[in-house]
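All remarks here apply to the structure that follows.
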There are 8 protein chains.
Amino acid sequence: MSDDRLDDLDKHIIYSLQKNARKASTSTIAEQADVSASTVRHRIRQLEESGIIHGYCPSIDYEAAGFQLLTLIICTAPIPERETLAQKAKKVEGVVAVREVMTGHENIHVEVLGTDGDDLSRIGQELDGLGLEIEDEDLIRNDYDNPYEGFRTFDADES
Amino acid sequence: MSDDRLDDLDKHIIYSLQKNARKASTSTIAEQADVSASTVRHRIRQLEESGIIHGYCPSIDYEAAGFQLLTLIICTAPIPERETLAQKAKKVEGVVAVREVMTGHENIHVEVLGTDGDDLSRIGQELDGLGLEIEDEDLIRNDYDNPYEGFRTFDADES
Amino acid sequence: MSDDRLDDLDKHIIYSLQKNARKASTSTIAEQADVSASTVRHRIRQLEESGIIHGYCPSIDYEAAGFQLLTLIICTAPIPERETLAQKAKKVEGVVAVREVMTGHENIHVEVLGTDGDDLSRIGQELDGLGLEIEDEDLIRNDYDNPYEGFRTFDADES
Amino acid sequence: MSDDRLDDLDKHIIYSLQKNARKASTSTIAEQADVSASTVRHRIRQLEESGIIHGYCPSIDYEAAGFQLLTLIICTAPIPERETLAQKAKKVEGVVAVREVMTGHENIHVEVLGTDGDDLSRIGQELDGLGLEIEDEDLIRNDYDNPYEGFRTFDADES
Amino acid sequence: MSDDRLDDLDKHIIYSLQKNARKASTSTIAEQADVSASTVRHRIRQLEESGIIHGYCPSIDYEAAGFQLLTLIICTAPIPERETLAQKAKKVEGVVAVREVMTGHENIHVEVLGTDGDDLSRIGQELDGLGLEIEDEDLIRNDYDNPYEGFRTFDADES
Amino acid sequence: MSDDRLDDLDKHIIYSLQKNARKASTSTIAEQADVSASTVRHRIRQLEESGIIHGYCPSIDYEAAGFQLLTLIICTAPIPERETLAQKAKKVEGVVAVREVMTGHENIHVEVLGTDGDDLSRIGQELDGLGLEIEDEDLIRNDYDNPYEGFRTFDADES
Amino acid sequence: MSDDRLDDLDKHIIYSLQKNARKASTSTIAEQADVSASTVRHRIRQLEESGIIHGYCPSIDYEAAGFQLLTLIICTAPIPERETLAQKAKKVEGVVAVREVMTGHENIHVEVLGTDGDDLSRIGQELDGLGLEIEDEDLIRNDYDNPYEGFRTFDADES
Amino acid sequence: MSDDRLDDLDKHIIYSLQKNARKASTSTIAEQADVSASTVRHRIRQLEESGIIHGYCPSIDYEAAGFQLLTLIICTAPIPERETLAQKAKKVEGVVAVREVMTGHENIHVEVLGTDGDDLSRIGQELDGLGLEIEDEDLIRNDYDNPYEGFRTFDADES
């Protein structure tokens, strides 16, 4: 088993945050697991310090906000520079997510928000300028995050 | 210009939340924009009600938590079922994200967490059972979300 | 030589119209070729009746008109239905051009104008519903028509 | 809605011209929309000056004219040179259309008319000499332009 | 060594015929190998009866003869029908060569001569009708046969 | 029609030779077309001098002769060197046919006969050394030439 | 760390067997690790019973033995049948190895030994008959197994 | 026939060893073939000296041993360096098998065992550093070796 570093309380906390990080109050999480709120706060701090939780972000529906050009740009980085280029891609203005995949081609997936065709062209050129080869570009239709059900540990999570 | 539905305060709020949704307090956001906290709370509620913000989630480093098999499964859905199948894929146990792309092949990208080889096989079979054709499976090395820099509207955001 | 069906006057007329179909006046075309305007009118009618000229259309810059989603949808039609499906694709609302290519895959290229993501999805579904397999979808950045230089036959065309 | 820059009269004019640019008389267009011919002429001039209408061309059936080698050459341009190379491709003798697509591979589609095998080889070599990588070449069977139905605004357009 | 079924005289005969089957006279072949013409005739008959030589054909330059559409159509046959479909493809009017390749996709390569676009379409449809999936179609520019140099066994062959 | 350079007698001669170049006697060809043998000899000479017929070769079944490694090597030549490299490939020992295709990738198809694995490796290396990029290698199972049925002009050809 | 189920002695034993399973005597393995031979025998039995060691086989150079057609056949199995079809492929006569890969296409790699072209065709047809789609077939040139260096635990292994 | 270098006793010996190299005792092999054990030992030595048998290795189930990242890395070597790079790949720590395939792309298949994501990244970088282009990486699910049934020569083998 690979998940021996997390006990049931850790899993319950992560799962609760995945369901809604901003609204899950420490006290509700504690109550469901029948521990004190300070225990939960302590555990959350540990999870953050160990890097297991490395941030919180809102899920944005850019199309609802009037943007039509949320685009997935699939790139190939040379193997030895993959991690470095993924970091650099994050800094290109308009990039909203970067995913690094362990394979030889199409190993960096970049989500970008272009305001118009010129802006999308500029982003493509900046990614190319970093040394990434652009393989494909497609409009993103929908993008969902999901809690990891393997972490559901207490009945109260079901609601 | 496509972003006329959001004014500078909306953008500032979204940008602040993207930087860290759980820790960005309403009052700090308000202060930076020189408005009242209740204005910010009201705006956040509007952004949530309009669906522009549709949730908050923590970024989890599953490898740090002892899981080695975070995997990107790239699938093809038949065009008329793409949206439906993306919804169904979300419900497969182990799926932690689903991205729907506007193209003919490789149009649904699913992130899954497998506990071991058997579990990964099971997930593949469940996705296949939904009617998705699995095109490729690759280990995810890193996965970053980024605030949208186009929304940075007040100097105080820079810190 | 395969172009023995057109004489120099025909070529001059086609070339002049390709340079600007709406503004090329019959009399200027005639003057450059040192024939009468009625000869040119007669020839144009013959070219139209033989189907060599089968219409005239303006080149539209949809992005300048405020549309961001002019898209090339590359499809595969089963070989025996390629011509029929190309005809049917023309009738899908939003389709602005169809090109039929003599090959086994990616043999129908459709240009479509989507007003938003939902509209683009609808068009994709209608094309799929006709029996076309959608292979790829990409935004069109620019689209130029060119006169065929092989038809330049009189010095005056050079201006 | 992205088409707020065009009002119904603009759309009616573009649609009428798309149905047959050379034969659509200003007065008929005006009559159908119940405005004066001079209003239509004024609007057409505005559409041309804004670059929304950037030319008019005849649709030629090259096969009917005795040419068998109308060919689609699909090329890849390096991302930062895509727009420049699309412009240069237009100037290669034999090129009758160029389409620039927002993606990493197969991002420039060139239509060429070859008089024979040697001519087609020459065109391929000139495109290669510009710095384009040729990916595929296929005979074009048919090529249709279509009015954009989204612009049909007056009943009289239906005829 | 896999060629133990052919002795040097057999190889010399095949090589001489490969250099020019119609013009290689039995007596010249015999003289070069220092055997009698009747020995050569006997051996040729044996090579034909064993199926090692299964015909003779001229190499035709169809373009020189005025045909522009000599085309390579690359097809996929289902594995169990590959040999049968290769035989059937030979009977389609316009097919001038068929090559069967031991692999899963693109395993039947068909050379066809089309008189025009309609004829090429008809051939594609007939191949499709047999159960072949057409993968690609490309114009053939040149087509050369070569003698097998491994069969050059006598000095006189060098001329 | 593109075949206006050949009359019915030319077509009859080519077709007869395609059925079996070595065994088709001039007198039989003449008799079937109701012309003199000297007319046929004269026409054959003209077809050869014009390059329309540029050689005759036997069809060899290498597997029947004990060779297991007749292989199709599909290569890509840079566009401007395609014709030159096709010529050079012909001179590599073991190459028995070269086909040059008008496209960007996989544009030179080479048939080679390897005596064993080492020999096949050597051939691959020599082709690579010429500047060809090897894309695929597959065993050839069968290889048929066919007369062009469009040239069947006299009833007697049917036997 | 994922390898906590094996201690250094287990690793030493596996590594020694990987270097040459048939010739590694129990006593030498024991001596190098400074344990008794009966301890090694006991451990080997445990490794076999747990399925960690599930057999021993010789590495055969089939080409040295006179076989030219050792071939890698890359297949696609439908996801839910992948494991079953891999088992069935093992039973096809001529199959010498099967590898099952966790992905959507090209997920079963089969090594087969064909005695000649007919035999290779038969194997292809039997694999196809099982429900596998054959994607590619290529000759295998060399095939090496390697001990896992991560298991080298005692100095004496170095010799 | 290509297998004339091995007689029935050789085949019986290889087949018996393939069934289980470590446990097949010389005397049982001898008994089944009705020859003396010393004859078998002599033959095995000859097979080893000729390189037909070039080692023996255990089949390891790495997943059962606690490793989740047994991975197939498919690489392309430049043709003239394929054999050299396959040899070098064997020396990369973590590589447990190398297969060299006779084709232009994806011609070296490497099996590697990674202890974690960092280790797998390191292996990819070392392979890249050798000059191999990594095309794809996929988890290996199962890996079976099989005796070659064509070598089953005595009834007793059936048990």
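To be explicit about the labels: the chains of the structure tokens are called A, B, and onward in the order shown, and within each one the residues are counted from 1, while ligands get numbers from 1 in the order they are shown.
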Which neighbours of H:Leu113 fall inside 12 Å, counting only C-alpha atoms, when residues of the same chain fewer than 4 positions from it are skipped, and could you give them as a PyMOL selection string? (chain G and resi 2-3+146-151) or (chain H and resi 60-63+65-73+92-97+117-124+137-140)
Surrounding residues of A:Ile29 excluding itself and chain neighbours under 6 positions, 12 Å, only C-alpha atoms, as a ChimeraX atom specification: /A:9-21,23,35-41,43-44,153-157
Mind checking which residues fall within 9 Å of G:Ile134, counting only C-alpha atoms, ignoring those fewer than 4 positions away in the same chain, and posting them as a list in words? Ile79, Thr103, Gly104 and His105 of chain E; Ile73, Ile74, Cys75, Thr76, Glu106, Gly124, Leu127 and Asp128 of chain G
Go ahead and save the picked residues with N, CA and C atoms, as a CSV table (one decimal), in the first residue's frame.
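Contents of again27.csv, as written:
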chain,number,residue,atom,x,y,z
E,79,ILE,N,-6.6,-8.1,-41.3
E,79,ILE,CA,-5.5,-9.1,-41.4
E,79,ILE,C,-6.0,-10.4,-42.1
E,103,THR,N,2.0,-6.2,-42.2
E,103,THR,CA,1.8,-5.3,-41.0
E,103,THR,C,0.4,-5.1,-40.8
E,104,GLY,N,0.0,-4.3,-39.7
E,104,GLY,CA,-1.4,-4.2,-39.4
E,104,GLY,C,-2.1,-3.1,-40.1
E,105,HIS,N,-1.5,-2.0,-40.3
E,105,HIS,CA,-2.1,-0.9,-41.0
E,105,HIS,C,-1.3,-0.5,-42.2
G,73,ILE,N,5.2,-8.0,-32.9
G,73,ILE,CA,3.9,-7.6,-33.4
G,73,ILE,C,3.2,-6.8,-32.3
G,74,ILE,N,3.0,-5.5,-32.6
G,74,ILE,CA,2.4,-4.6,-31.6
G,74,ILE,C,0.9,-4.5,-31.9
G,75,CYS,N,0.1,-4.8,-30.8
G,75,CYS,CA,-1.3,-5.0,-31.0
G,75,CYS,C,-2.1,-4.1,-30.0
G,76,THR,N,-3.3,-3.8,-30.3
G,76,THR,CA,-4.2,-3.1,-29.4
G,76,THR,C,-5.3,-4.1,-29.0
G,106,GLU,N,-1.8,0.1,-28.7
G,106,GLU,CA,-0.5,-0.6,-28.7
G,106,GLU,C,-0.2,-1.1,-27.3
G,124,GLY,N,-0.2,-13.9,-37.5
G,124,GLY,CA,-0.9,-12.6,-37.5
G,124,GLY,C,-2.4,-12.9,-37.5
G,127,LEU,N,-3.6,-14.1,-34.1
G,127,LEU,CA,-3.8,-13.0,-33.1
G,127,LEU,C,-5.0,-12.1,-33.4
G,128,ASP,N,-5.2,-11.8,-34.7
G,128,ASP,CA,-6.4,-11.1,-35.1
G,128,ASP,C,-7.7,-11.8,-34.7
From the DSSP assignment of the backbone, select every residue of stretch 35-159 of chain E that is strand (DSSP E or B), and format the answer as a PyMOL selection string. chain E and resi 53-60+69-76+95-101+108-114+133-145
Minimum-distance residue to chain A, chosen among H:Asp34, H:Asp7, H:Asp145, H:Glu133 (using only C-alpha atoms):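 Ranked by minimum distance to chain A, first place goes to H:Glu133.
Scanning stretch 31-72 of chain G with DSSP on the backbone, the helix (DSSP H, G or I) assignments fall on Glu31, Gln32, Ala33, Ala37, Ser38, Thr39, Val40, Arg41, His42, Arg43, Ile44, Arg45, Gln46, Leu47, Glu48 and Glu49 of chain G.
With only C-alpha atoms as the atoms that count, the residue of D:Glu83, D:Glu49, D:Glu135, D:Glu31 with the shortest distance to chain A is D:Glu83.
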